[in-house]
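Data first, discussion second: the structure below is written as structure tokens.
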Amino acid sequence: MIFKKSHINFSIFLSTAIILFIFSIGCTEKSYEVSHNSEMLICFGHSSDWSVFIRWLLGIGAFVIVTLLISLFWNRRLVRQIDERGLVENELKISLEKLNIIVEKYRVLFESFPIGVSVTDKEGNIIEANPESELLLGISTSKHSSRKIDGKEWKIIRPDGTLMPPEEYASVRAIKTQQLVENAEMGIVKGEEDTTWINVHAAPIPLEGYGVIITYHDITKRKFVEQELADNQTRLDRNQQLTQTRLDLVEYARNHNLDELLTKVLDDVVSMVESPIGFYHFVEEDQNSISLQQWSTRTLNEFCKMGGKGLHYPISKAGVWVDCVIQKKPVVHNDYKSLPHKRGLPEGHAEVIRELVVPVIRQGSVCAILGVGNKKENYTEKDVDTISFLADVTWQIVEQKQAEEALVKAKEVAEAATRAKSDFLANMSHEIRTPMNVIIGMSRLIRETPLNEEQREYADIVFNSSEILLSLIEDILDFSKIEAGKVELEHVNFDLKELIDRITEILKIKVSEKGLTLSSYISSDVPRFLKGDPNRLRQVILNLMNNAVKFTDKGEITISIEVENNNGNSISYTNQESNHANNRYNSLSVISFSVTDTGIGIPNERLDRMFQPFSQADASTTRKYGGTGLGLVISKRLVEFMGGTISVESEYGKGSRFQFTACFEKCEEAVYIPESVSPERKTSDPSELAGLHLIMAEDNEFNQILVLKMLGKIGIIVDVVSNGIEATEAVRKNSYDAVLMDIQMPEMDGFEAARIIRCEQPHIPIIAMTANVTPKDRADCVAAGMDGYISKPIDPEKLCDLLKRHIKKPLSDSQTLQSITNLSQANLSQNLSSPQSDSRAVFDKQEFLNRISGNEIVMRQLLDIVTKNLPDYINTLKTAADSDDINGVIIQAHNIKGFAANCSAHRLRDASYQIELAAKSNNMEKVKLLMNDIEQEGNKLLSLIQVDVIR
């Protein structure tokens with residue numbers, strides 16, 4: 001308002017001044033007119049004078065009014081402008097006050113901002129920085145404000161640790177590109193180990209004279225965590241790599257020797273730590289020397305020309321590379337050349353620049369060292385950890401490998417010893433049984449001659465003593481076989497009741513001689529027909545019952561049989577036996593056998609020794625009753641082989657009870673009764689065999705004489721040869737009713753001779769005479785084409801029984817017998833033209849069963865072999881025929897002929913024989929025509945086996 005009033009007053013003053021100025025001018029003019037014109041002054045009082053005055057007065061008034069109007073208009077406009085200016089000034093004042101507040105806020109915010117902030121001009125000079133910058137960068141704000149953004153006060157590094165040039169700084173890039181730069185990470189190195197990591201944003205400032213505003217905050221902790229995570233991941237990856245390497249080495253060691261293993265270890269090690277040199281040494285137990293085991297492949301190929309495995313170094317004379325043995329810790333030499341105590345390297349050794357050697361320590365002693373050398377960069381703790389781990393792993397594998405190799409060697413030695421022992425036992429069995437066969441046989445012959453009473457007594461003593469000696473020898477051999485793990489169990493069907501009846505029949509004479517009572521009891525729920533090993537069961541029962549008879553002077557002996565457990569488990573079979581077997585065998589039975597006597601009994605303190613080798617109740621028992629003390633041990637082992645247990649209960653002076661269990665399969669019928677459990681069967685009339693003509697292959701002269709005497713007494717003619725070659729030649733030249741074949745003979749054994757004879761003479765019976773009667777021996781005899789076997793010492797009655805069984809139609813006229821039972825090559829070729837048409841001509845099941853003593857299990861096993869192999873045999877023959885390979889046709893046709901003859905497949909045998917004859921005549925066209933016949937006969941045989949036999 002003051003401003004407005006001053007302006008108004010000024011306007012009034014100006015107007016008054018103008019009026020007075022005009023009036024003064026008028027008065028002046030009027031005086032001038034009065035002085036110059038007196039007439040007018042004289043008549044001033046007249047009317048004409050007043051009009052002039054009024055006219056001037058009106059003019060002056062009009063002027064004044066106009067002036068006042070103009071002044072009022074001007075003053076009003078001026079007032080309005082003054083008001084407007086006042087408002088602007090007031091608003092400006094308010095704006096200034098607000099701006100001052102904003103500036104203060106900006107200053108407070110800028111100075112208290114928790115991140116560093118810097119502002120630059122367009123030249124990159126820092127013109128302002130907040131206090132946080134001082135904390136982050138470690139310099140004062142004033143000093144920071146005096147530096148440029150590309151200054152070199154600090155060492156700036158990238159995230160990967162390399163030096164960052166100024167042109168990569170975020171602020172420099174923002175100024176140059178005038179674009180926002182975000183999340184740029186950089187490390188400020190303030191000391192050897194003091195690095196501050198910051199995250200930088202740089203934004204251009206769009207103002208004249210300004211450059212960029214830079215914000216940055218500390219991410220050192222985050223980078224530390226990230227580095228820890230990265231280090232952990234690296235360690236995890238390295239551990240995984242090392243673990244995988246260990247697994248690979250373990251797997252590699254399975255199929256490679258120690259040298260190959262160490263080579264792979266070193267190749268892996270030098271690759272992992274990027275070293276061209278790698279070596280592995282063993283440290284001797286005395287810790288005084290080391291022996292080189294292996295170099296890495298690259299070392300040998302590129303660097304070291306020294307020798308390989310076996311070099312020895314005394315530790316006292318070796319260089320610094322064995323310091324790890326002395327110090328028992330890893331040793332790193334990153335500047336090998338500067339070492340004052342290094343020694344000269346051996347000739348041919350690579351130059352050493354750097355090396356890392358680690359020891360393997362077990363129980364305080366160094367066992368081995370693993371070293372690497374000449375890495376381009378210094379070896380680190382990481383390298384030490386890696387090498388130490390692999391060195392330790394390698395030694396574990398080396399120890400295992402050495403143990404395995406030692407075990408293999410020990411196993412080889414043990415197997416060699418076992419083989420030697422088995423061979424020794426087999427030879428001993430053969431050598432002992434051979435003279436025993438002669439002694440027992442001759443004693444039997446002597447007893448059958450006219451003797452006086454004294455001579456007969458001596459002959460009986462010799463005969464009985466030889467029987468006892470043979471029993472002892474068999475116990476020792478059985479025990480040795482059990483100890484060597486050579487016992488094999490049969491798995492055949494048998495009649496339990498018949499087996500027990502025959503055992504009691506055998507013991508009746510001994511029991512009656514001592515005035516004892518023998519009884520047997522079989523529970524009604526015990527299956528009569530079982531599947532197992534009747535021979536071993538018989539051996540155990542006879543052993544226990546013989547002991548009962550031996551140690552019982554009065555009273556009775558009882559054998560009781562009951563069912564221990566019947567769990568009803570079903571039994572499954574495979575191959576061609578399955579359908580037939582599943583219909584007959586449906587469960588397992590655990591049978592309990594007990595033998596009770598009223599004999600001398602066993603003292604309690606001796607019971608725990610009864611099943612120990614070579615042990616009896618006391619020494620007096622041995623002196624009085626004899627025996628080796630092996631019977632119960634053998635029985636115990638056999639029972640365990642049969643899945644059972646054995647125990648004894650006894651009261652001294654009152655008797656004993658031996659009880660054992662064994663596992664068997666139940667079956668509906670028994671199709672096999674082993675010959676060894678049969679009582680001594682006597683031929684109805686041995687004279688029926690008179691006139692037979694046999695060939696005997698036997699290399700022992702005494703056995704030759706014995707058999708000649710035995711069979712000669714009943715009128716059998718025997719030709720004698722000493723080996724298999726002579727036997728095959730004799731059969732080719734003469735017609736025999738049967739062949740008696742020893743197994744162990746020089747030049748050609750009995751198996752090979754039997755195979756040759758069977759191929760050439762399909763029908764002639766071949767009976768093995770062997771001291772070995774294990775299931776394998778019997779199977780080998782059958783596989784060789786033999787019809788039967790008899791164990792040594794030879795029982796003449798059993799031999800006659802075998803001859804009668806296998807020679808189908810024994811006649812008194814040997815010539816007639818020969819013409820029926822033997823078929824020469826000429827007769828064979830004549831009969832081939834008219835083969836039989838019935839199924840027996842395709843496969844004579846009964847003949848085949850007779851050849852294998854009626855053993856259907858063996859028959860099925862052999863026919864299973866036929867089913868599997870016959871197609872291959874025929875295909876091989878067909879291939880030879882198609883390629884016109886005459887020798888191949890002859891050999892394969894001959895093989896099929898023998899194959900067919902062994903299994904009584906007559907038509908197939910005849911067809912193969914025809915092809916063999918055609919090939920020998922070089923008539924390949926006929927061979928190819930006959931191939932259709934042999935394929936048809938083969939298919940017929942296989943069909944009949946499947947439909948008729950296996951069913």
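Order determines the names: the first chain of the structure tokens is A, the second B, and so forth; residues in each chain are numbered 1 upward, and ligands are numbered 1 upward as they are shown.
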Can you tell me which residues surround Arg246 (chain A) at a distance of at most 8 Å, considering only C-alpha atoms, apart from same-chain residues fewer than 3 positions away, and format the answer as a PDB file with C-alpha atoms, in the first residue's frame?
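Writing the result to part-v5.pdb gives the following:
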ATOM      1  CA  LEU A 242      38.063 -87.387  -6.812  1.00  0.00           C
ATOM      2  CA  THR A 243      35.343 -89.793  -5.709  1.00  0.00           C
ATOM      3  CA  LEU A 249      40.410 -96.741 -10.238  1.00  0.00           C
ATOM      4  CA  VAL A 250      38.721 -99.440  -8.163  1.00  0.00           C
ATOM      5  CA  LEU A 390      44.765 -89.826  -4.599  1.00  0.00           C
ATOM      6  CA  VAL A 393      43.304 -94.002  -2.343  1.00  0.00           C
TER       7      VAL A 393
END
>> Env of Ser291 (chain A): 7 Å cut, atoms = only C-alpha atoms, seq-sep filter 4 positions within chain, self excluded. Answer as a list of chain:residue names.
In response: A:His281, A:Phe282, A:Val283, A:Gly310, A:Leu311, A:His312, A:Tyr313
> Running DSSP on the backbone, which parts of region 329-389 of chain A land in strand (DSSP E), as a list in words?
Replying inline: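 After running DSSP on the backbone, region 329-389 of chain A has strand (DSSP E) at Val331, Val332, His333, Glu355, Leu356, Val357, Val358, Pro359, Val360, Ile361, Arg362, Ser365, Val366, Cys367, Ala368, Ile369, Leu370, Gly371, Val372 and Gly373 of chain A.
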Selection from above, all heavy atoms, as a CSV table (one decimal), in the first residue's frame, can you write it?
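Output (again10.csv):
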chain,number,residue,atom,x,y,z
A,331,VAL,N,55.5,-82.2,0.9
A,331,VAL,CA,56.6,-81.2,0.7
A,331,VAL,C,56.4,-80.5,-0.6
A,331,VAL,O,56.2,-81.2,-1.7
A,331,VAL,CB,58.0,-81.9,0.8
A,331,VAL,CG1,59.1,-80.9,0.4
A,331,VAL,CG2,58.2,-82.4,2.2
A,332,VAL,N,56.4,-79.2,-0.7
A,332,VAL,CA,56.3,-78.4,-1.9
A,332,VAL,C,57.5,-77.6,-2.1
A,332,VAL,O,58.0,-76.9,-1.2
A,332,VAL,CB,55.0,-77.5,-1.8
A,332,VAL,CG1,54.9,-76.7,-3.1
A,332,VAL,CG2,53.8,-78.3,-1.6
A,333,HIS,N,58.1,-77.7,-3.3
A,333,HIS,CA,59.2,-76.9,-3.7
A,333,HIS,C,58.8,-76.1,-5.0
A,333,HIS,O,59.0,-76.7,-6.1
A,333,HIS,CB,60.5,-77.7,-3.9
A,333,HIS,CG,60.9,-78.4,-2.7
A,333,HIS,ND1,61.3,-79.8,-2.7
A,333,HIS,CD2,61.1,-78.0,-1.4
A,333,HIS,CE1,61.7,-80.1,-1.4
A,333,HIS,NE2,61.6,-79.0,-0.7
A,355,GLU,N,58.2,-79.0,-7.7
A,355,GLU,CA,57.8,-80.4,-7.3
A,355,GLU,C,56.8,-80.4,-6.1
A,355,GLU,O,56.9,-79.5,-5.3
A,355,GLU,CB,59.0,-81.3,-7.1
A,355,GLU,CG,59.7,-81.0,-5.8
A,355,GLU,CD,60.8,-82.0,-5.5
A,355,GLU,OE1,61.0,-82.9,-6.4
A,355,GLU,OE2,61.5,-81.9,-4.5
A,356,LEU,N,56.0,-81.4,-6.1
A,356,LEU,CA,55.1,-81.6,-4.9
A,356,LEU,C,55.1,-83.1,-4.7
A,356,LEU,O,54.8,-83.9,-5.6
A,356,LEU,CB,53.7,-81.2,-5.2
A,356,LEU,CG,52.6,-81.7,-4.3
A,356,LEU,CD1,52.8,-81.3,-2.9
A,356,LEU,CD2,51.2,-81.1,-4.8
A,357,VAL,N,55.5,-83.5,-3.5
A,357,VAL,CA,55.6,-85.0,-3.1
A,357,VAL,C,54.9,-85.2,-1.8
A,357,VAL,O,55.1,-84.4,-0.8
A,357,VAL,CB,57.1,-85.4,-3.0
A,357,VAL,CG1,57.1,-87.0,-2.9
A,357,VAL,CG2,57.9,-85.0,-4.2
A,358,VAL,N,54.0,-86.2,-1.8
A,358,VAL,CA,53.2,-86.5,-0.6
A,358,VAL,C,53.5,-87.9,-0.1
A,358,VAL,O,53.6,-88.8,-1.0
A,358,VAL,CB,51.7,-86.2,-0.8
A,358,VAL,CG1,51.4,-84.8,-1.2
A,358,VAL,CG2,51.2,-87.2,-1.9
A,359,PRO,N,53.5,-88.1,1.2
A,359,PRO,CA,53.7,-89.5,1.7
A,359,PRO,C,52.4,-90.2,2.0
A,359,PRO,O,51.3,-89.5,2.2
A,359,PRO,CB,54.5,-89.3,3.0
A,359,PRO,CG,53.9,-88.0,3.5
A,359,PRO,CD,53.6,-87.1,2.2
A,360,VAL,N,52.4,-91.5,2.0
A,360,VAL,CA,51.3,-92.3,2.4
A,360,VAL,C,51.7,-93.0,3.7
A,360,VAL,O,52.7,-93.7,3.7
A,360,VAL,CB,50.9,-93.4,1.4
A,360,VAL,CG1,49.7,-94.2,2.0
A,360,VAL,CG2,50.5,-92.8,0.1
A,361,ILE,N,51.0,-92.7,4.8
A,361,ILE,CA,51.5,-93.1,6.1
A,361,ILE,C,50.5,-94.1,6.7
A,361,ILE,O,49.2,-93.9,6.7
A,361,ILE,CB,51.6,-91.9,7.1
A,361,ILE,CG1,52.6,-90.9,6.5
A,361,ILE,CG2,52.0,-92.4,8.5
A,361,ILE,CD1,52.8,-89.6,7.3
A,362,ARG,N,51.0,-95.2,7.2
A,362,ARG,CA,50.2,-96.2,7.8
A,362,ARG,C,50.9,-96.7,9.1
A,362,ARG,O,52.0,-97.1,9.1
A,362,ARG,CB,50.0,-97.5,6.9
A,362,ARG,CG,49.1,-97.2,5.7
A,362,ARG,CD,47.7,-97.0,6.1
A,362,ARG,NE,46.8,-96.9,4.9
A,362,ARG,CZ,46.6,-95.8,4.2
A,362,ARG,NH1,47.2,-94.7,4.6
A,362,ARG,NH2,45.8,-95.8,3.1
A,365,SER,N,54.4,-95.3,9.8
A,365,SER,CA,55.4,-95.5,8.9
A,365,SER,C,55.0,-95.1,7.5
A,365,SER,O,53.8,-95.2,7.1
A,365,SER,CB,55.8,-97.0,8.9
A,365,SER,OG,56.3,-97.4,10.1
A,366,VAL,N,55.9,-94.6,6.7
A,366,VAL,CA,55.6,-94.2,5.3
A,366,VAL,C,55.7,-95.4,4.5
A,366,VAL,O,56.7,-96.1,4.5
A,366,VAL,CB,56.6,-93.1,4.8
A,366,VAL,CG1,56.3,-92.7,3.4
A,366,VAL,CG2,56.6,-91.9,5.7
A,367,CYS,N,54.6,-95.6,3.7
A,367,CYS,CA,54.5,-96.8,2.9
A,367,CYS,C,54.8,-96.5,1.4
A,367,CYS,O,55.4,-97.4,0.7
A,367,CYS,CB,53.1,-97.4,2.9
A,367,CYS,SG,52.5,-97.8,4.6
A,368,ALA,N,54.5,-95.3,1.0
A,368,ALA,CA,54.7,-95.0,-0.4
A,368,ALA,C,54.7,-93.5,-0.5
A,368,ALA,O,54.3,-92.7,0.4
A,368,ALA,CB,53.6,-95.6,-1.3
A,369,ILE,N,55.2,-93.0,-1.7
A,369,ILE,CA,55.2,-91.5,-2.0
A,369,ILE,C,54.7,-91.4,-3.4
A,369,ILE,O,55.0,-92.2,-4.3
A,369,ILE,CB,56.6,-90.9,-1.8
A,369,ILE,CG1,57.6,-91.5,-2.7
A,369,ILE,CG2,57.0,-90.9,-0.4
A,369,ILE,CD1,58.9,-90.7,-2.7
A,370,LEU,N,53.9,-90.3,-3.6
A,370,LEU,CA,53.4,-90.0,-4.9
A,370,LEU,C,53.8,-88.5,-5.2
A,370,LEU,O,53.6,-87.6,-4.4
A,370,LEU,CB,51.9,-90.1,-5.0
A,370,LEU,CG,51.3,-90.1,-6.4
A,370,LEU,CD1,49.9,-90.7,-6.3
A,370,LEU,CD2,51.1,-88.7,-6.9
A,371,GLY,N,54.5,-88.3,-6.3
A,371,GLY,CA,55.0,-87.0,-6.6
A,371,GLY,C,54.7,-86.5,-8.0
A,371,GLY,O,54.5,-87.3,-8.9
A,372,VAL,N,54.6,-85.2,-8.2
A,372,VAL,CA,54.4,-84.5,-9.5
A,372,VAL,C,55.4,-83.4,-9.6
A,372,VAL,O,55.9,-82.9,-8.6
A,372,VAL,CB,52.9,-84.0,-9.6
A,372,VAL,CG1,52.0,-85.2,-9.7
A,372,VAL,CG2,52.6,-83.1,-8.5
A,373,GLY,N,55.6,-82.9,-10.8
A,373,GLY,CA,56.6,-81.9,-11.0
A,373,GLY,C,56.4,-81.1,-12.2
A,373,GLY,O,55.6,-81.5,-13.1
>> Report as number ranges by chain all protein, DNA and RNA residues lying within 12 Å of Gln402 (chain A), evaluated on only C-alpha atoms, omitting residues in the same chain fewer than 4 positions from it.
In response: A: 253, 257-259, 261, 394-398, 406-410
Restricted to all heavy atoms, what would the selected residues look like written as a short mmCIF file (atom, residue, chain, number, x, y, z; two decimals), in the first residue's frame?
data_model
loop_
_atom_site.label_atom_id
_atom_site.label_comp_id
_atom_site.auth_asym_id
_atom_site.auth_seq_id
_atom_site.Cartn_x
_atom_site.Cartn_y
_atom_site.Cartn_z
N ALA A 253 41.05 -101.48 -11.45
CA ALA A 253 41.93 -102.45 -10.79
C ALA A 253 41.41 -103.87 -10.88
O ALA A 253 42.18 -104.83 -10.74
CB ALA A 253 42.13 -102.07 -9.32
N ASN A 257 46.56 -105.31 -13.91
CA ASN A 257 47.56 -105.62 -12.90
C ASN A 257 48.04 -104.36 -12.21
O ASN A 257 47.62 -103.24 -12.53
CB ASN A 257 48.73 -106.39 -13.52
CG ASN A 257 49.42 -105.60 -14.62
OD1 ASN A 257 49.54 -104.38 -14.55
ND2 ASN A 257 49.88 -106.30 -15.65
N LEU A 258 48.96 -104.52 -11.26
CA LEU A 258 49.39 -103.41 -10.42
C LEU A 258 50.12 -102.34 -11.22
O LEU A 258 49.90 -101.14 -11.02
CB LEU A 258 50.29 -103.94 -9.30
CG LEU A 258 50.72 -102.93 -8.24
CD1 LEU A 258 49.52 -102.29 -7.58
CD2 LEU A 258 51.62 -103.60 -7.20
N ASP A 259 50.98 -102.73 -12.15
CA ASP A 259 51.70 -101.75 -12.95
C ASP A 259 50.74 -100.92 -13.80
O ASP A 259 50.88 -99.68 -13.90
CB ASP A 259 52.71 -102.46 -13.86
CG ASP A 259 53.86 -103.05 -13.07
OD1 ASP A 259 54.04 -102.64 -11.91
OD2 ASP A 259 54.56 -103.94 -13.59
N LEU A 261 47.65 -100.32 -13.14
CA LEU A 261 46.89 -99.48 -12.22
C LEU A 261 47.68 -98.22 -11.86
O LEU A 261 47.15 -97.11 -11.91
CB LEU A 261 46.54 -100.27 -10.96
CG LEU A 261 45.95 -99.45 -9.81
CD1 LEU A 261 44.60 -98.90 -10.19
CD2 LEU A 261 45.85 -100.30 -8.54
N THR A 394 45.15 -94.60 -3.76
CA THR A 394 45.96 -95.54 -4.54
C THR A 394 46.56 -96.61 -3.64
O THR A 394 46.57 -97.79 -3.99
CB THR A 394 47.08 -94.78 -5.27
OG1 THR A 394 46.49 -93.81 -6.13
CG2 THR A 394 47.92 -95.73 -6.09
N TRP A 395 47.04 -96.18 -2.48
CA TRP A 395 47.65 -97.17 -1.59
C TRP A 395 46.60 -98.18 -1.09
O TRP A 395 46.90 -99.37 -0.94
CB TRP A 395 48.32 -96.50 -0.40
CG TRP A 395 49.00 -97.48 0.49
CD1 TRP A 395 48.63 -97.87 1.73
CD2 TRP A 395 50.17 -98.24 0.16
NE1 TRP A 395 49.48 -98.81 2.22
CE2 TRP A 395 50.44 -99.07 1.29
CE3 TRP A 395 51.01 -98.30 -0.93
CZ2 TRP A 395 51.53 -99.94 1.32
CZ3 TRP A 395 52.09 -99.17 -0.91
CH2 TRP A 395 52.35 -99.97 0.21
N GLN A 396 45.38 -97.69 -0.83
CA GLN A 396 44.32 -98.62 -0.44
C GLN A 396 44.10 -99.68 -1.53
O GLN A 396 43.97 -100.87 -1.24
CB GLN A 396 43.02 -97.85 -0.19
CG GLN A 396 43.05 -96.93 1.02
CD GLN A 396 41.77 -96.13 1.17
OE1 GLN A 396 40.76 -96.42 0.53
NE2 GLN A 396 41.81 -95.11 2.00
N ILE A 397 44.06 -99.20 -2.78
CA ILE A 397 43.84 -100.15 -3.88
C ILE A 397 45.05 -101.05 -4.04
O ILE A 397 44.93 -102.25 -4.32
CB ILE A 397 43.55 -99.39 -5.18
CG1 ILE A 397 42.30 -98.51 -5.02
CG2 ILE A 397 43.36 -100.35 -6.34
CD1 ILE A 397 41.99 -97.63 -6.21
N VAL A 398 46.26 -100.48 -3.84
CA VAL A 398 47.48 -101.28 -3.95
C VAL A 398 47.46 -102.39 -2.89
O VAL A 398 47.77 -103.55 -3.19
CB VAL A 398 48.73 -100.39 -3.79
CG1 VAL A 398 49.98 -101.24 -3.57
CG2 VAL A 398 48.92 -99.52 -5.02
N ALA A 406 48.10 -111.93 -3.65
CA ALA A 406 48.58 -112.94 -2.70
C ALA A 406 47.55 -114.04 -2.52
O ALA A 406 47.89 -115.23 -2.44
CB ALA A 406 48.89 -112.28 -1.36
N LEU A 407 46.25 -113.62 -2.50
CA LEU A 407 45.19 -114.61 -2.37
C LEU A 407 45.12 -115.51 -3.59
O LEU A 407 44.93 -116.72 -3.47
CB LEU A 407 43.85 -113.90 -2.17
CG LEU A 407 42.62 -114.79 -1.94
CD1 LEU A 407 42.81 -115.62 -0.67
CD2 LEU A 407 41.36 -113.96 -1.84
N VAL A 408 45.30 -114.88 -4.77
CA VAL A 408 45.30 -115.69 -5.99
C VAL A 408 46.45 -116.69 -5.98
O VAL A 408 46.27 -117.87 -6.31
CB VAL A 408 45.39 -114.77 -7.23
CG1 VAL A 408 45.65 -115.59 -8.49
CG2 VAL A 408 44.10 -113.99 -7.40
N LYS A 409 47.62 -116.19 -5.57
CA LYS A 409 48.77 -117.11 -5.50
C LYS A 409 48.52 -118.21 -4.49
O LYS A 409 48.81 -119.39 -4.73
CB LYS A 409 50.03 -116.33 -5.15
CG LYS A 409 50.50 -115.39 -6.27
CD LYS A 409 51.77 -114.66 -5.86
CE LYS A 409 52.23 -113.72 -6.98
NZ LYS A 409 53.44 -112.96 -6.59
N ALA A 410 47.98 -117.78 -3.32
CA ALA A 410 47.68 -118.79 -2.29
C ALA A 410 46.63 -119.77 -2.79
O ALA A 410 46.72 -120.99 -2.53
CB ALA A 410 47.21 -118.09 -1.01
#
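Distance annotation: of A:Leu57, A:Leu180, A:Ile387, A:Val721, the residue with the minimal separation from Gly278 (chain A) is A:Ile387; atom set is only C-alpha atoms.
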> Which residues come within 9 Å of Thr504 (chain A), counting only C-alpha atoms, excluding same-chain residues fewer than 5 positions away, as number ranges by chain?
Replying inline: A: 499, 518-520, 542
> Could you name the residues that touch region 591-608 of chain A at 6 Å or less, counting only C-alpha atoms, but leaving out those on the same chain fewer than 6 positions away, as a PyMOL selection string?
Replying inline: chain A and resi 548+551-552+555-564+617+650-662
> Of the residues A:Lys105, A:His763, A:Lys709, A:Lys401, which is the one nearest to Ser735 (chain A), using only C-alpha atoms?
Replying inline: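 Closest residue, counting only C-alpha atoms: A:His763.
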>> Ranking A:Tyr280, A:Phe113, A:Tyr521, A:Phe303 by minimum distance to Thr215 (chain A) and counting only C-alpha atoms, which one comes first?
In response: A:Phe113
> Which residue out of A:Lys176, A:Lys328, A:Lys382, A:Arg55 has the minimum interatomic distance to Arg238 (chain A) when only C-alpha atoms are used?
Replying inline: A:Lys382
> If you count only C-alpha atoms, which residues fall within 12 Å of Glu925 (chain A), apart from same-chain ones fewer than 2 positions away, as a list in words?
Replying inline: Ala881, Asp882, Ser883, Asp884, Ile886, Ile915, Ala918, Ala919, Ser921, Asn922, Asn923, Val927, Lys928, Leu929, Leu930 and Met931 of chain A
>> Under the rule that only C-alpha atoms are counted, which of A:Arg538, A:His491, A:Arg755, A:Arg528 is the nearest residue to Val639 (chain A)?
In response: A:Arg538
>> Please determine, counting only C-alpha atoms, which residue among A:Leu477, A:Ile891, A:Ile874, A:Leu247 has the shortest atom-to-atom distance to Val265 (chain A).
In response: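 When distances to Val265 (chain A) are compared using only C-alpha atoms, the smallest one comes from A:Leu247.
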> Quick one, how far is CA of Glu285 (chain A) from CA of Ala391 (chain A)?
Replying inline: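 Between these atoms lies a distance of 17.9 Å.
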> Rounded to one decimal in Å, what is the spacing between CA of Gly938 (chain A) and CA of His906 (chain A)?
Replying inline: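 Distance between the two atoms: 10.9 Å.
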